[in-house]
Amino acid sequence: MLIRVSPQNVLDDLVVALLAVGCLVLRVAPGACRAVPLERGREGRMELRFFVEAWANSRGVAVEFAG
């Protein structure tokens with residue numbers, strides 16, 4: 001799943017949080033990364049999206065998802 005954050009300078013914090021919950025993460029651009037949950041399928045993607053939305057809301061960060 002492609003994740004974009006705004007402001008871009010919070011991407012490092014998101015990457016650390018995603019790694020801590022067991023996702024594979026690759027930075028692809030300033031303010032954007034690809035994340036793959038260890039749990040495959042629809043449920044894994046839903047959990048990843050829920051986690052990122054909760055993380056963003058707790059910090060006042062905007063996120064966009066693709067893929």
# chains A, B, ... in the order shown; residues from 1 in each chain; ligands from 1

call {"tool": "residues_around", "arguments": {"residues": "Leu48 of chain A", "least_positions_apart": "5", "cutoff": "9 Å", "atoms": "only C-alpha atoms", "output": "compact mmCIF listing (two decimals) with all heavy atoms, in the first residue's frame"}}
result
# COMPACT_ATOMS: atom_id res chain seq x y z
N MET A 1 0.85 -1.16 0.00
CA MET A 1 0.00 0.00 0.00
C MET A 1 0.90 1.23 0.00
O MET A 1 1.83 1.32 0.79
CB MET A 1 -0.90 -0.02 1.24
CG MET A 1 -1.75 1.21 1.40
SD MET A 1 -2.81 1.18 2.88
CE MET A 1 -3.77 -0.28 2.58
N LEU A 18 5.47 2.00 11.82
CA LEU A 18 5.09 0.84 11.01
C LEU A 18 6.05 -0.33 11.23
O LEU A 18 5.61 -1.48 11.32
CB LEU A 18 5.05 1.22 9.53
CG LEU A 18 3.91 2.14 9.11
CD1 LEU A 18 4.12 2.65 7.69
CD2 LEU A 18 2.57 1.44 9.25
N CYS A 23 5.46 -4.18 10.00
CA CYS A 23 5.27 -3.98 8.57
C CYS A 23 6.62 -3.89 7.87
O CYS A 23 7.60 -3.45 8.46
CB CYS A 23 4.51 -2.68 8.30
SG CYS A 23 2.78 -2.75 8.75
N ALA A 35 4.08 0.31 2.25
CA ALA A 35 4.05 -0.54 3.44
C ALA A 35 3.32 -1.83 3.12
O ALA A 35 2.30 -1.82 2.43
CB ALA A 35 3.36 0.19 4.59
N VAL A 36 3.86 -2.92 3.61
CA VAL A 36 3.26 -4.23 3.42
C VAL A 36 3.08 -4.86 4.80
O VAL A 36 4.08 -5.08 5.51
CB VAL A 36 4.15 -5.14 2.55
CG1 VAL A 36 3.53 -6.52 2.40
CG2 VAL A 36 4.41 -4.49 1.20
N PRO A 37 1.84 -5.14 5.19
CA PRO A 37 1.64 -5.80 6.48
C PRO A 37 2.09 -7.26 6.40
O PRO A 37 2.03 -7.88 5.33
CB PRO A 37 0.13 -5.70 6.70
CG PRO A 37 -0.45 -5.59 5.33
CD PRO A 37 0.58 -4.90 4.48
N GLU A 43 -7.70 -8.42 5.26
CA GLU A 43 -7.66 -8.09 6.68
C GLU A 43 -6.37 -7.36 7.06
O GLU A 43 -6.40 -6.39 7.80
CB GLU A 43 -7.81 -9.35 7.53
CG GLU A 43 -7.95 -9.07 9.00
CD GLU A 43 -8.26 -10.30 9.80
OE1 GLU A 43 -9.12 -11.09 9.37
OE2 GLU A 43 -7.64 -10.46 10.86
N GLU A 53 -4.31 5.56 9.94
CA GLU A 53 -5.29 6.63 10.20
C GLU A 53 -5.28 7.05 11.66
O GLU A 53 -5.33 8.24 11.97
CB GLU A 53 -6.68 6.18 9.77
CG GLU A 53 -6.84 6.14 8.26
CD GLU A 53 -8.17 5.57 7.81
OE1 GLU A 53 -8.86 4.90 8.61
OE2 GLU A 53 -8.51 5.79 6.63

call {"tool": "select_by_dssp", "arguments": {"residues": "chain A", "states": "helix (DSSP H, G or I)", "output": "PyMOL selection string"}}
result
chain A and resi 8-20+41-59

call {"tool": "write_last_selection", "arguments": {"atoms": "C-alpha atoms", "output": "CSV table (one decimal), in the first residue's frame"}}
result
chain,number,residue,atom,x,y,z
A,8,GLN,CA,6.4,15.3,4.6
A,9,ASN,CA,8.8,15.7,7.5
A,10,VAL,CA,6.7,13.2,9.6
A,11,LEU,CA,7.4,10.3,7.3
A,12,ASP,CA,10.4,9.1,9.4
A,13,ASP,CA,8.1,8.9,12.5
A,14,LEU,CA,5.5,6.9,10.5
A,15,VAL,CA,8.1,4.5,9.2
A,16,VAL,CA,9.4,3.8,12.7
A,17,ALA,CA,5.8,3.2,13.9
A,18,LEU,CA,5.1,0.8,11.0
A,19,LEU,CA,8.3,-1.1,11.6
A,20,ALA,CA,7.4,-1.4,15.3
A,41,GLY,CA,-4.9,-10.3,2.3
A,42,ARG,CA,-7.8,-7.9,2.9
A,43,GLU,CA,-7.7,-8.1,6.7
A,44,GLY,CA,-4.0,-7.1,6.8
A,45,ARG,CA,-4.6,-4.1,4.5
A,46,MET,CA,-7.6,-3.0,6.6
A,47,GLU,CA,-5.5,-3.2,9.8
A,48,LEU,CA,-2.7,-1.3,8.2
A,49,ARG,CA,-5.0,1.4,7.1
A,50,PHE,CA,-6.7,1.6,10.5
A,51,PHE,CA,-3.3,1.9,12.2
A,52,VAL,CA,-2.0,4.6,9.9
A,53,GLU,CA,-5.3,6.6,10.2
A,54,ALA,CA,-5.2,6.4,14.0
A,55,TRP,CA,-1.5,7.4,14.0
A,56,ALA,CA,-2.2,10.4,11.7
A,57,ASN,CA,-5.2,11.5,13.7
A,58,SER,CA,-3.3,11.5,16.9
A,59,ARG,CA,-0.7,13.8,15.4

call {"tool": "atom_distance", "arguments": {"atom1": "atom CA of Ala66 of chain A", "atom2": "atom CA of Ala32 of chain A"}}
result
10.6 Å

call {"tool": "select_by_dssp", "arguments": {"residues": "chain A", "states": "strand (DSSP E or B)", "output": "count of residues only"}}
result
21

call {"tool": "atom_distance", "arguments": {"atom1": "atom CA of Ala62 of chain A", "atom2": "atom CA of Glu39 of chain A"}}
result
24.8 Å

call {"tool": "residues_around", "arguments": {"residues": "Ile3 of chain A", "least_positions_apart": "3", "cutoff": "6 Å", "atoms": "only C-alpha atoms", "output": "list in words"}}
result
Ala32, Cys33, Glu64 and Phe65 of chain A

call {"tool": "write_last_selection", "arguments": {"atoms": "N, CA and C atoms", "output": "compact mmCIF listing (two decimals), in the first residue's frame"}}
result
# COMPACT_ATOMS: atom_id res chain seq x y z
N ALA A 32 6.41 9.89 1.17
CA ALA A 32 5.67 8.72 0.70
C ALA A 32 6.46 7.44 0.95
N CYS A 33 5.72 6.38 1.28
CA CYS A 33 6.34 5.07 1.47
C CYS A 33 5.37 3.98 1.02
N GLU A 64 -2.83 9.96 2.71
CA GLU A 64 -3.52 9.46 1.51
C GLU A 64 -3.04 8.04 1.27
N PHE A 65 -3.95 7.21 0.77
CA PHE A 65 -3.61 5.82 0.48
C PHE A 65 -3.83 5.53 -1.00

call {"tool": "closest_residue", "arguments": {"among": "A:Leu38, A:Gly67, A:Gly60, A:Pro7", "to": "Gly22 of chain A", "atoms": "only C-alpha atoms"}}
result
A:Leu38
